[in-house]
Structure formats: C-alpha cells, structure tokens
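Colleague: Take a look at target-v9.cif, mmCIF, N, CA and C atoms; chains and numbers go by the auth columns:
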data_model
loop_
_atom_site.group_PDB
_atom_site.id
_atom_site.type_symbol
_atom_site.label_atom_id
_atom_site.label_comp_id
_atom_site.label_asym_id
_atom_site.label_seq_id
_atom_site.Cartn_x
_atom_site.Cartn_y
_atom_site.Cartn_z
_atom_site.B_iso_or_equiv
_atom_site.auth_seq_id
_atom_site.auth_asym_id
ATOM 1 N N MET A 1 38.078 25.252 11.150 0.00 1 A
ATOM 2 C CA MET A 1 36.950 26.114 10.944 0.00 1 A
ATOM 3 C C MET A 1 35.674 25.342 11.310 0.00 1 A
ATOM 4 N N PRO A 2 34.836 25.897 12.179 0.00 2 A
ATOM 5 C CA PRO A 2 33.607 25.205 12.581 0.00 2 A
ATOM 6 C C PRO A 2 32.596 25.151 11.421 0.00 2 A
ATOM 7 N N THR A 3 31.771 24.106 11.442 0.00 3 A
ATOM 8 C CA THR A 3 30.752 23.993 10.390 0.00 3 A
ATOM 9 C C THR A 3 29.655 25.020 10.619 0.00 3 A
ATOM 10 N N LYS A 4 29.000 25.374 9.556 0.00 4 A
ATOM 11 C CA LYS A 4 27.926 26.359 9.652 0.00 4 A
ATOM 12 C C LYS A 4 26.699 25.682 10.270 0.00 4 A
ATOM 13 N N PRO A 5 25.994 26.390 11.148 0.00 5 A
ATOM 14 C CA PRO A 5 24.859 25.778 11.859 0.00 5 A
ATOM 15 C C PRO A 5 23.782 25.221 10.926 0.00 5 A
ATOM 16 N N HIS A 6 23.502 25.890 9.837 0.00 6 A
ATOM 17 C CA HIS A 6 22.434 25.413 8.952 0.00 6 A
ATOM 18 C C HIS A 6 22.831 24.107 8.256 0.00 6 A
ATOM 19 N N ARG A 7 24.122 23.869 8.091 0.00 7 A
ATOM 20 C CA ARG A 7 24.559 22.612 7.468 0.00 7 A
ATOM 21 C C ARG A 7 24.337 21.424 8.392 0.00 7 A
ATOM 22 N N VAL A 8 24.521 21.636 9.679 0.00 8 A
ATOM 23 C CA VAL A 8 24.267 20.567 10.646 0.00 8 A
ATOM 24 C C VAL A 8 22.787 20.195 10.606 0.00 8 A
ATOM 25 N N LEU A 9 21.941 21.206 10.588 0.00 9 A
ATOM 26 C CA LEU A 9 20.503 20.967 10.524 0.00 9 A
ATOM 27 C C LEU A 9 20.125 20.293 9.215 0.00 9 A
ATOM 28 N N LEU A 10 20.691 20.744 8.115 0.00 10 A
ATOM 29 C CA LEU A 10 20.405 20.155 6.811 0.00 10 A
ATOM 30 C C LEU A 10 20.843 18.697 6.761 0.00 10 A
ATOM 31 N N ASP A 11 22.002 18.381 7.308 0.00 11 A
ATOM 32 C CA ASP A 11 22.472 16.990 7.349 0.00 11 A
ATOM 33 C C ASP A 11 21.542 16.115 8.187 0.00 11 A
ATOM 34 N N ARG A 12 21.073 16.647 9.290 0.00 12 A
ATOM 35 C CA ARG A 12 20.179 15.882 10.161 0.00 12 A
ATOM 36 C C ARG A 12 18.844 15.625 9.461 0.00 12 A
ATOM 37 N N VAL A 13 18.277 16.631 8.828 0.00 13 A
ATOM 38 C CA VAL A 13 17.008 16.468 8.111 0.00 13 A
ATOM 39 C C VAL A 13 17.188 15.514 6.937 0.00 13 A
ATOM 40 N N SER A 14 18.286 15.629 6.226 0.00 14 A
ATOM 41 C CA SER A 14 18.551 14.713 5.115 0.00 14 A
ATOM 42 C C SER A 14 18.660 13.279 5.603 0.00 14 A
ATOM 43 N N GLY A 15 19.275 13.082 6.733 0.00 15 A
ATOM 44 C CA GLY A 15 19.388 11.739 7.307 0.00 15 A
ATOM 45 C C GLY A 15 18.028 11.164 7.652 0.00 15 A
ATOM 46 N N TYR A 16 17.168 11.985 8.257 0.00 16 A
ATOM 47 C CA TYR A 16 15.814 11.519 8.584 0.00 16 A
ATOM 48 C C TYR A 16 15.032 11.201 7.307 0.00 16 A
ATOM 49 N N ALA A 17 15.164 12.034 6.298 0.00 17 A
ATOM 50 C CA ALA A 17 14.455 11.802 5.036 0.00 17 A
ATOM 51 C C ALA A 17 14.939 10.518 4.369 0.00 17 A
ATOM 52 N N ASP A 18 16.231 10.257 4.412 0.00 18 A
ATOM 53 C CA ASP A 18 16.771 9.015 3.845 0.00 18 A
ATOM 54 C C ASP A 18 16.227 7.792 4.582 0.00 18 A
ATOM 55 N N GLU A 19 16.182 7.872 5.903 0.00 19 A
ATOM 56 C CA GLU A 19 15.646 6.754 6.692 0.00 19 A
ATOM 57 C C GLU A 19 14.173 6.532 6.394 0.00 19 A
ATOM 58 N N ALA A 20 13.404 7.610 6.282 0.00 20 A
ATOM 59 C CA ALA A 20 11.973 7.491 5.991 0.00 20 A
ATOM 60 C C ALA A 20 11.753 6.880 4.608 0.00 20 A
ATOM 61 N N ALA A 21 12.518 7.296 3.626 0.00 21 A
ATOM 62 C CA ALA A 21 12.390 6.744 2.274 0.00 21 A
ATOM 63 C C ALA A 21 12.738 5.262 2.257 0.00 21 A
ATOM 64 N N ALA A 22 13.762 4.869 2.973 0.00 22 A
ATOM 65 C CA ALA A 22 14.141 3.454 3.041 0.00 22 A
ATOM 66 C C ALA A 22 13.052 2.639 3.725 0.00 22 A
ATOM 67 N N TYR A 23 12.458 3.180 4.779 0.00 23 A
ATOM 68 C CA TYR A 23 11.369 2.489 5.468 0.00 23 A
ATOM 69 C C TYR A 23 10.188 2.276 4.529 0.00 23 A
ATOM 70 N N LEU A 24 9.814 3.299 3.772 0.00 24 A
ATOM 71 C CA LEU A 24 8.686 3.170 2.843 0.00 24 A
ATOM 72 C C LEU A 24 8.982 2.177 1.733 0.00 24 A
ATOM 73 N N ARG A 25 10.212 2.143 1.255 0.00 25 A
ATOM 74 C CA ARG A 25 10.570 1.156 0.227 0.00 25 A
ATOM 75 C C ARG A 25 10.446 -0.264 0.774 0.00 25 A
ATOM 76 N N ARG A 26 10.943 -0.484 1.978 0.00 26 A
ATOM 77 C CA ARG A 26 10.838 -1.818 2.579 0.00 26 A
ATOM 78 C C ARG A 26 9.384 -2.196 2.810 0.00 26 A
ATOM 79 N N ARG A 27 8.599 -1.270 3.299 0.00 27 A
ATOM 80 C CA ARG A 27 7.190 -1.545 3.594 0.00 27 A
ATOM 81 C C ARG A 27 6.429 -1.855 2.311 0.00 27 A
ATOM 82 N N ARG A 28 6.657 -1.095 1.275 0.00 28 A
ATOM 83 C CA ARG A 28 5.972 -1.315 0.002 0.00 28 A
ATOM 84 C C ARG A 28 6.369 -2.664 -0.587 0.00 28 A
ATOM 85 N N HIS A 29 7.618 -3.040 -0.417 0.00 29 A
ATOM 86 C CA HIS A 29 8.105 -4.307 -0.952 0.00 29 A
ATOM 87 C C HIS A 29 7.482 -5.497 -0.222 0.00 29 A
ATOM 88 N N LEU A 30 7.277 -5.379 1.077 0.00 30 A
ATOM 89 C CA LEU A 30 6.771 -6.488 1.876 0.00 30 A
ATOM 90 C C LEU A 30 5.250 -6.582 1.892 0.00 30 A
ATOM 91 N N ARG A 31 4.571 -5.511 1.523 0.00 31 A
ATOM 92 C CA ARG A 31 3.121 -5.476 1.616 0.00 31 A
ATOM 93 C C ARG A 31 2.490 -6.299 0.506 0.00 31 A
ATOM 94 N N LYS A 32 1.506 -7.123 0.848 0.00 32 A
ATOM 95 C CA LYS A 32 0.792 -7.932 -0.132 0.00 32 A
ATOM 96 C C LYS A 32 -0.682 -7.552 -0.098 0.00 32 A
ATOM 97 N N PRO A 33 -1.346 -7.580 -1.236 0.00 33 A
ATOM 98 C CA PRO A 33 -2.782 -7.277 -1.230 0.00 33 A
ATOM 99 C C PRO A 33 -3.555 -8.394 -0.523 0.00 33 A
ATOM 100 N N PHE A 34 -4.665 -8.021 0.105 0.00 34 A
ATOM 101 C CA PHE A 34 -5.507 -9.007 0.764 0.00 34 A
ATOM 102 C C PHE A 34 -6.948 -8.528 0.743 0.00 34 A
ATOM 103 N N ALA A 35 -7.860 -9.453 0.888 0.00 35 A
ATOM 104 C CA ALA A 35 -9.285 -9.144 1.010 0.00 35 A
ATOM 105 C C ALA A 35 -9.715 -9.596 2.398 0.00 35 A
ATOM 106 N N ARG A 36 -10.406 -8.729 3.097 0.00 36 A
ATOM 107 C CA ARG A 36 -10.869 -9.063 4.445 0.00 36 A
ATOM 108 C C ARG A 36 -12.388 -9.198 4.409 0.00 36 A
ATOM 109 N N THR A 37 -12.881 -10.273 4.986 0.00 37 A
ATOM 110 C CA THR A 37 -14.325 -10.475 5.091 0.00 37 A
ATOM 111 C C THR A 37 -14.705 -10.465 6.561 0.00 37 A
ATOM 112 N N TYR A 38 -15.873 -9.882 6.847 0.00 38 A
ATOM 113 C CA TYR A 38 -16.372 -9.782 8.216 0.00 38 A
ATOM 114 C C TYR A 38 -17.621 -10.640 8.355 0.00 38 A
ATOM 115 N N TYR A 39 -17.756 -11.304 9.471 0.00 39 A
ATOM 116 C CA TYR A 39 -18.868 -12.200 9.746 0.00 39 A
ATOM 117 C C TYR A 39 -19.641 -11.688 10.950 0.00 39 A
ATOM 118 N N PRO A 40 -20.910 -12.111 11.076 0.00 40 A
ATOM 119 C CA PRO A 40 -21.671 -11.721 12.275 0.00 40 A
ATOM 120 C C PRO A 40 -20.925 -12.166 13.538 0.00 40 A
ATOM 121 N N GLY A 41 -21.003 -11.365 14.549 0.00 41 A
ATOM 122 C CA GLY A 41 -20.305 -11.683 15.793 0.00 41 A
ATOM 123 C C GLY A 41 -18.933 -11.042 15.880 0.00 41 A
ATOM 124 N N GLY A 42 -18.514 -10.344 14.832 0.00 42 A
ATOM 125 C CA GLY A 42 -17.248 -9.626 14.878 0.00 42 A
ATOM 126 C C GLY A 42 -16.044 -10.388 14.357 0.00 42 A
ATOM 127 N N ARG A 43 -16.231 -11.631 13.941 0.00 43 A
ATOM 128 C CA ARG A 43 -15.102 -12.407 13.423 0.00 43 A
ATOM 129 C C ARG A 43 -14.742 -11.914 12.027 0.00 43 A
ATOM 130 N N SER A 44 -13.473 -11.907 11.694 0.00 44 A
ATOM 131 C CA SER A 44 -13.037 -11.504 10.355 0.00 44 A
ATOM 132 C C SER A 44 -11.894 -12.405 9.898 0.00 44 A
ATOM 133 N N LEU A 45 -11.784 -12.547 8.585 0.00 45 A
ATOM 134 C CA LEU A 45 -10.697 -13.322 7.990 0.00 45 A
ATOM 135 C C LEU A 45 -10.081 -12.518 6.858 0.00 45 A
ATOM 136 N N ALA A 46 -8.776 -12.639 6.712 0.00 46 A
ATOM 137 C CA ALA A 46 -8.069 -11.975 5.612 0.00 46 A
ATOM 138 C C ALA A 46 -7.582 -13.049 4.647 0.00 46 A
ATOM 139 N N PHE A 47 -7.833 -12.836 3.364 0.00 47 A
ATOM 140 C CA PHE A 47 -7.420 -13.767 2.331 0.00 47 A
ATOM 141 C C PHE A 47 -6.404 -13.083 1.429 0.00 47 A
ATOM 142 N N THR A 48 -5.242 -13.685 1.243 0.00 48 A
ATOM 143 C CA THR A 48 -4.244 -13.124 0.331 0.00 48 A
ATOM 144 C C THR A 48 -4.549 -13.568 -1.088 0.00 48 A
ATOM 145 N N ASP A 49 -3.929 -12.925 -2.050 0.00 49 A
ATOM 146 C CA ASP A 49 -4.219 -13.238 -3.450 0.00 49 A
ATOM 147 C C ASP A 49 -3.557 -14.529 -3.930 0.00 49 A
ATOM 148 N N ASP A 50 -2.795 -15.196 -3.072 0.00 50 A
ATOM 149 C CA ASP A 50 -2.181 -16.455 -3.494 0.00 50 A
ATOM 150 C C ASP A 50 -2.969 -17.685 -3.037 0.00 50 A
ATOM 151 N N THR A 51 -4.157 -17.464 -2.433 0.00 51 A
ATOM 152 C CA THR A 51 -5.035 -18.573 -2.072 0.00 51 A
ATOM 153 C C THR A 51 -6.191 -18.628 -3.058 0.00 51 A
ATOM 154 N N GLU A 52 -6.839 -19.773 -3.153 0.00 52 A
ATOM 155 C CA GLU A 52 -7.963 -19.918 -4.082 0.00 52 A
ATOM 156 C C GLU A 52 -9.129 -19.008 -3.689 0.00 52 A
ATOM 157 N N ALA A 53 -9.432 -18.951 -2.389 0.00 53 A
ATOM 158 C CA ALA A 53 -10.507 -18.074 -1.921 0.00 53 A
ATOM 159 C C ALA A 53 -10.156 -16.610 -2.172 0.00 53 A
ATOM 160 N N GLY A 54 -8.899 -16.264 -1.966 0.00 54 A
ATOM 161 C CA GLY A 54 -8.474 -14.888 -2.214 0.00 54 A
ATOM 162 C C GLY A 54 -8.587 -14.511 -3.676 0.00 54 A
ATOM 163 N N LYS A 55 -8.190 -15.410 -4.572 0.00 55 A
ATOM 164 C CA LYS A 55 -8.308 -15.143 -6.004 0.00 55 A
ATOM 165 C C LYS A 55 -9.762 -14.923 -6.400 0.00 55 A
ATOM 166 N N THR A 56 -10.655 -15.747 -5.854 0.00 56 A
ATOM 167 C CA THR A 56 -12.079 -15.607 -6.151 0.00 56 A
ATOM 168 C C THR A 56 -12.605 -14.270 -5.647 0.00 56 A
ATOM 169 N N LEU A 57 -12.215 -13.880 -4.435 0.00 57 A
ATOM 170 C CA LEU A 57 -12.653 -12.593 -3.887 0.00 57 A
ATOM 171 C C LEU A 57 -12.111 -11.422 -4.705 0.00 57 A
ATOM 172 N N PHE A 58 -10.862 -11.491 -5.134 0.00 58 A
ATOM 173 C CA PHE A 58 -10.278 -10.419 -5.934 0.00 58 A
ATOM 174 C C PHE A 58 -10.976 -10.294 -7.284 0.00 58 A
ATOM 175 N N GLU A 59 -11.292 -11.426 -7.907 0.00 59 A
ATOM 176 C CA GLU A 59 -11.990 -11.385 -9.200 0.00 59 A
ATOM 177 C C GLU A 59 -13.389 -10.801 -9.045 0.00 59 A
ATOM 178 N N ALA A 60 -14.098 -11.191 -7.983 0.00 60 A
ATOM 179 C CA ALA A 60 -15.436 -10.655 -7.738 0.00 60 A
ATOM 180 C C ALA A 60 -15.375 -9.149 -7.455 0.00 60 A
ATOM 181 N N ALA A 61 -14.393 -8.721 -6.684 0.00 61 A
ATOM 182 C CA ALA A 61 -14.243 -7.298 -6.386 0.00 61 A
ATOM 183 C C ALA A 61 -13.922 -6.504 -7.648 0.00 61 A
ATOM 184 N N GLU A 62 -13.085 -7.060 -8.514 0.00 62 A
ATOM 185 C CA GLU A 62 -12.742 -6.375 -9.763 0.00 62 A
ATOM 186 C C GLU A 62 -13.979 -6.196 -10.636 0.00 62 A
ATOM 187 N N ARG A 63 -14.819 -7.252 -10.736 0.00 63 A
ATOM 188 C CA ARG A 63 -16.044 -7.143 -11.540 0.00 63 A
ATOM 189 C C ARG A 63 -16.996 -6.126 -10.929 0.00 63 A
ATOM 190 N N LEU A 64 -17.114 -6.110 -9.604 0.00 64 A
ATOM 191 C CA LEU A 64 -17.985 -5.166 -8.929 0.00 64 A
ATOM 192 C C LEU A 64 -17.524 -3.728 -9.158 0.00 64 A
ATOM 193 N N ILE A 65 -16.227 -3.492 -9.091 0.00 65 A
ATOM 194 C CA ILE A 65 -15.689 -2.147 -9.333 0.00 65 A
ATOM 195 C C ILE A 65 -15.940 -1.736 -10.775 0.00 65 A
ATOM 196 N N ASP A 66 -15.772 -2.656 -11.722 0.00 66 A
ATOM 197 C CA ASP A 66 -16.029 -2.344 -13.131 0.00 66 A
ATOM 198 C C ASP A 66 -17.485 -1.960 -13.357 0.00 66 A
ATOM 199 N N VAL A 67 -18.407 -2.667 -12.723 0.00 67 A
ATOM 200 C CA VAL A 67 -19.835 -2.384 -12.891 0.00 67 A
ATOM 201 C C VAL A 67 -20.207 -1.061 -12.235 0.00 67 A
ATOM 202 N N ALA A 68 -19.648 -0.786 -11.066 0.00 68 A
ATOM 203 C CA ALA A 68 -20.028 0.399 -10.291 0.00 68 A
ATOM 204 C C ALA A 68 -19.324 1.675 -10.726 0.00 68 A
ATOM 205 N N SER A 69 -18.217 1.553 -11.459 0.00 69 A
ATOM 206 C CA SER A 69 -17.469 2.764 -11.817 0.00 69 A
ATOM 207 C C SER A 69 -18.189 3.522 -12.928 0.00 69 A
ATOM 208 N N PRO A 70 -18.131 4.856 -12.870 0.00 70 A
ATOM 209 C CA PRO A 70 -18.778 5.647 -13.916 0.00 70 A
ATOM 210 C C PRO A 70 -18.080 5.442 -15.259 0.00 70 A
ATOM 211 N N LYS A 71 -18.847 5.355 -16.291 0.00 71 A
ATOM 212 C CA LYS A 71 -18.308 5.134 -17.645 0.00 71 A
ATOM 213 C C LYS A 71 -17.986 6.480 -18.280 0.00 71 A
ATOM 214 N N LYS A 72 -16.867 6.526 -18.975 0.00 72 A
ATOM 215 C CA LYS A 72 -16.479 7.727 -19.701 0.00 72 A
ATOM 216 C C LYS A 72 -17.200 7.734 -21.051 0.00 72 A
ATOM 217 N N PRO A 73 -17.596 8.877 -21.522 0.00 73 A
ATOM 218 C CA PRO A 73 -18.247 8.921 -22.830 0.00 73 A
ATOM 219 C C PRO A 73 -17.315 8.398 -23.917 0.00 73 A
ATOM 220 N N GLY A 74 -17.853 7.545 -24.780 0.00 74 A
ATOM 221 C CA GLY A 74 -17.059 6.992 -25.870 0.00 74 A
ATOM 222 C C GLY A 74 -16.326 5.728 -25.525 0.00 74 A
ATOM 223 N N SER A 75 -16.425 5.271 -24.249 0.00 75 A
ATOM 224 C CA SER A 75 -15.743 4.023 -23.908 0.00 75 A
ATOM 225 C C SER A 75 -16.562 2.846 -24.410 0.00 75 A
ATOM 226 N N GLU A 76 -15.892 1.755 -24.727 0.00 76 A
ATOM 227 C CA GLU A 76 -16.551 0.595 -25.308 0.00 76 A
ATOM 228 C C GLU A 76 -17.162 -0.337 -24.275 0.00 76 A
ATOM 229 N N LYS A 77 -16.827 -0.178 -23.012 0.00 77 A
ATOM 230 C CA LYS A 77 -17.332 -1.084 -21.971 0.00 77 A
ATOM 231 C C LYS A 77 -18.731 -0.766 -21.580 0.00 77 A
#
Kindly transcribe the structure held in the file into structure tokens.

Modeller:
Amino acid sequence: MPTKPHRVLLDRVSGYADEAAAYLRRRRHLRKPFARTYYPGGRSLAFTDDTEAGKTLFEAAERLIDVASPKKPGSEK
C-alpha cells in the first residue's frame, strides 16, 4: 500500500524542523558573550568575558544599564 502524500510532506517538514532545532542548540551552546569597542578610523576589538578587559567592560555595561533602566514603583533601587 503506497504512503499517503501528506505523510511524506509531514515527514520532510519534521526532518527540517529537527535539523533546525539541532542547529540552534549547537549555536547557543557555542556562543559566548562579548563586548565590542570601536575606535576612530574604523578599528574595532571584541573582548570576551573571560579576559580582564572584558570583565571590566561587562561590569561597566551592567552598571550603565542599571542606571539607565526605568525604575518600577516601589522598587528599592
């Protein structure tokens, strides 16, 4: 008995969805946070959070976000 046409299509779409989900899992696992700084002349550097300069940049960015973010009524900060 031949397979139903919609099942072939469903299997193909399911296969693509499985591959896409696996790709996103791998990408998310390998991705590391970084801070990029730009200099005059177009030069830029990326600092990861495992370097001393990167840690300093991440801490400064966190403080800046805390200061700039709107405060909710009743919050203690």

Colleague: Just how far from atom C of Asp11 in chain A is atom C of Tyr23 in chain A, in Å to one decimal?

Modeller: 18.3 Å

Colleague: Step one, run DSSP on the backbone; step two, keep only residues of range 2-63 of chain A assigned to strand (DSSP E or B); then write them as a PyMOL selection string.

Modeller: chain A and resi 34-38+44-48

Colleague: Could you spell out the hits of the PyMOL selection byres ((chain A and resi 46-57) around 7) on the shown file, as a list in words?

Modeller: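 So the PyMOL selection byres ((chain A and resi 46-57) around 7) ends up selecting Lys32, Pro33, Phe34, Ala35, Arg36, Thr37, Ser44, Leu45, Phe58, Glu59, Ala60, Ala61 and Glu62 of chain A.
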
Colleague: List every residue of chain A that DSSP, applied to the backbone of this structure, places in helix (DSSP H, G or I), and write the result as a PyMOL selection string.

Modeller: chain A and resi 5-30+52-68

Colleague: Could you tell me how far atom C of Arg43 in chain A lies from atom C of Leu64 in chain A, in Å and to one decimal?

Modeller: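 According to the coordinates, atom C of Arg43 in chain A and atom C of Leu64 in chain A are separated by 22.9 Å.
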
Colleague: Would you work out the distance separating CA of Tyr38 in chain A from CA of Pro70 in chain A, expressed in Å to one decimal?

Modeller: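 These two atoms are separated by 27.1 Å.
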
Colleague: Could you pull range 59-70 of chain A out of the block above and save it with all heavy atoms, as a tab-separated table (two decimals), in the first residue's frame?

Modeller:
chain	number	residue	atom	x	y	z
A	59	GLU	N	31.12	44.71	33.52
A	59	GLU	CA	30.69	45.34	34.78
A	59	GLU	C	30.24	46.78	34.55
A	59	GLU	O	29.22	47.21	35.09
A	59	GLU	CB	31.82	45.29	35.81
A	59	GLU	CG	32.10	43.89	36.32
A	59	GLU	CD	33.37	43.81	37.15
A	59	GLU	OE1	34.01	44.85	37.38
A	59	GLU	OE2	33.71	42.68	37.56
A	60	ALA	N	30.98	47.52	33.73
A	60	ALA	CA	30.61	48.90	33.42
A	60	ALA	C	29.28	48.95	32.67
A	60	ALA	O	28.41	49.79	32.95
A	60	ALA	CB	31.70	49.57	32.61
A	61	ALA	N	29.09	48.04	31.73
A	61	ALA	CA	27.83	47.99	30.97
A	61	ALA	C	26.66	47.65	31.88
A	61	ALA	O	25.57	48.22	31.76
A	61	ALA	CB	27.95	46.98	29.84
A	62	GLU	N	26.87	46.73	32.82
A	62	GLU	CA	25.80	46.35	33.75
A	62	GLU	C	25.40	47.55	34.61
A	62	GLU	O	24.21	47.80	34.81
A	62	GLU	CB	26.27	45.20	34.63
A	62	GLU	CG	25.20	44.70	35.57
A	62	GLU	CD	25.68	43.52	36.40
A	62	GLU	OE1	26.87	43.15	36.31
A	62	GLU	OE2	24.84	42.98	37.14
A	63	ARG	N	26.39	48.31	35.11
A	63	ARG	CA	26.07	49.49	35.92
A	63	ARG	C	25.35	50.54	35.09
A	63	ARG	O	24.40	51.17	35.55
A	63	ARG	CB	27.35	50.07	36.52
A	63	ARG	CG	27.90	49.22	37.65
A	63	ARG	CD	28.98	49.95	38.42
A	63	ARG	NE	30.10	50.37	37.59
A	63	ARG	CZ	31.19	49.64	37.36
A	63	ARG	NH1	31.32	48.44	37.89
A	63	ARG	NH2	32.16	50.11	36.59
A	64	LEU	N	25.77	50.74	33.84
A	64	LEU	CA	25.13	51.70	32.96
A	64	LEU	C	23.68	51.31	32.68
A	64	LEU	O	22.78	52.16	32.71
A	64	LEU	CB	25.92	51.82	31.66
A	64	LEU	CG	25.42	52.82	30.64
A	64	LEU	CD1	25.45	54.22	31.22
A	64	LEU	CD2	26.25	52.75	29.38
A	65	ILE	N	23.43	50.04	32.44
A	65	ILE	CA	22.06	49.57	32.20
A	65	ILE	C	21.21	49.76	33.44
A	65	ILE	O	20.06	50.19	33.36
A	65	ILE	CB	22.07	48.09	31.74
A	65	ILE	CG1	22.67	48.00	30.34
A	65	ILE	CG2	20.68	47.50	31.77
A	65	ILE	CD1	22.98	46.60	29.89
A	66	ASP	N	21.77	49.48	34.62
A	66	ASP	CA	21.02	49.67	35.87
A	66	ASP	C	20.64	51.14	36.07
A	66	ASP	O	19.53	51.45	36.49
A	66	ASP	CB	21.83	49.19	37.07
A	66	ASP	CG	21.90	47.68	37.16
A	66	ASP	OD1	21.06	47.00	36.52
A	66	ASP	OD2	22.79	47.17	37.87
A	67	VAL	N	21.55	52.05	35.77
A	67	VAL	CA	21.28	53.48	35.94
A	67	VAL	C	20.26	53.97	34.92
A	67	VAL	O	19.38	54.75	35.25
A	67	VAL	CB	22.60	54.28	35.83
A	67	VAL	CG1	22.33	55.76	35.73
A	67	VAL	CG2	23.51	53.98	37.00
A	68	ALA	N	20.36	53.50	33.69
A	68	ALA	CA	19.51	53.99	32.60
A	68	ALA	C	18.13	53.34	32.55
A	68	ALA	O	17.23	53.88	31.94
A	68	ALA	CB	20.21	53.78	31.27
A	69	SER	N	17.97	52.19	33.20
A	69	SER	CA	16.68	51.49	33.09
A	69	SER	C	15.63	52.19	33.95
A	69	SER	O	15.92	52.71	35.01
A	69	SER	CB	16.83	50.03	33.52
A	69	SER	OG	17.20	49.96	34.86
A	70	PRO	N	14.39	52.22	33.46
A	70	PRO	CA	13.32	52.85	34.23
A	70	PRO	C	13.05	52.06	35.52
A	70	PRO	O	13.07	50.84	35.52
A	70	PRO	CB	12.11	52.82	33.30
A	70	PRO	CG	12.43	51.80	32.27
A	70	PRO	CD	13.92	51.68	32.20
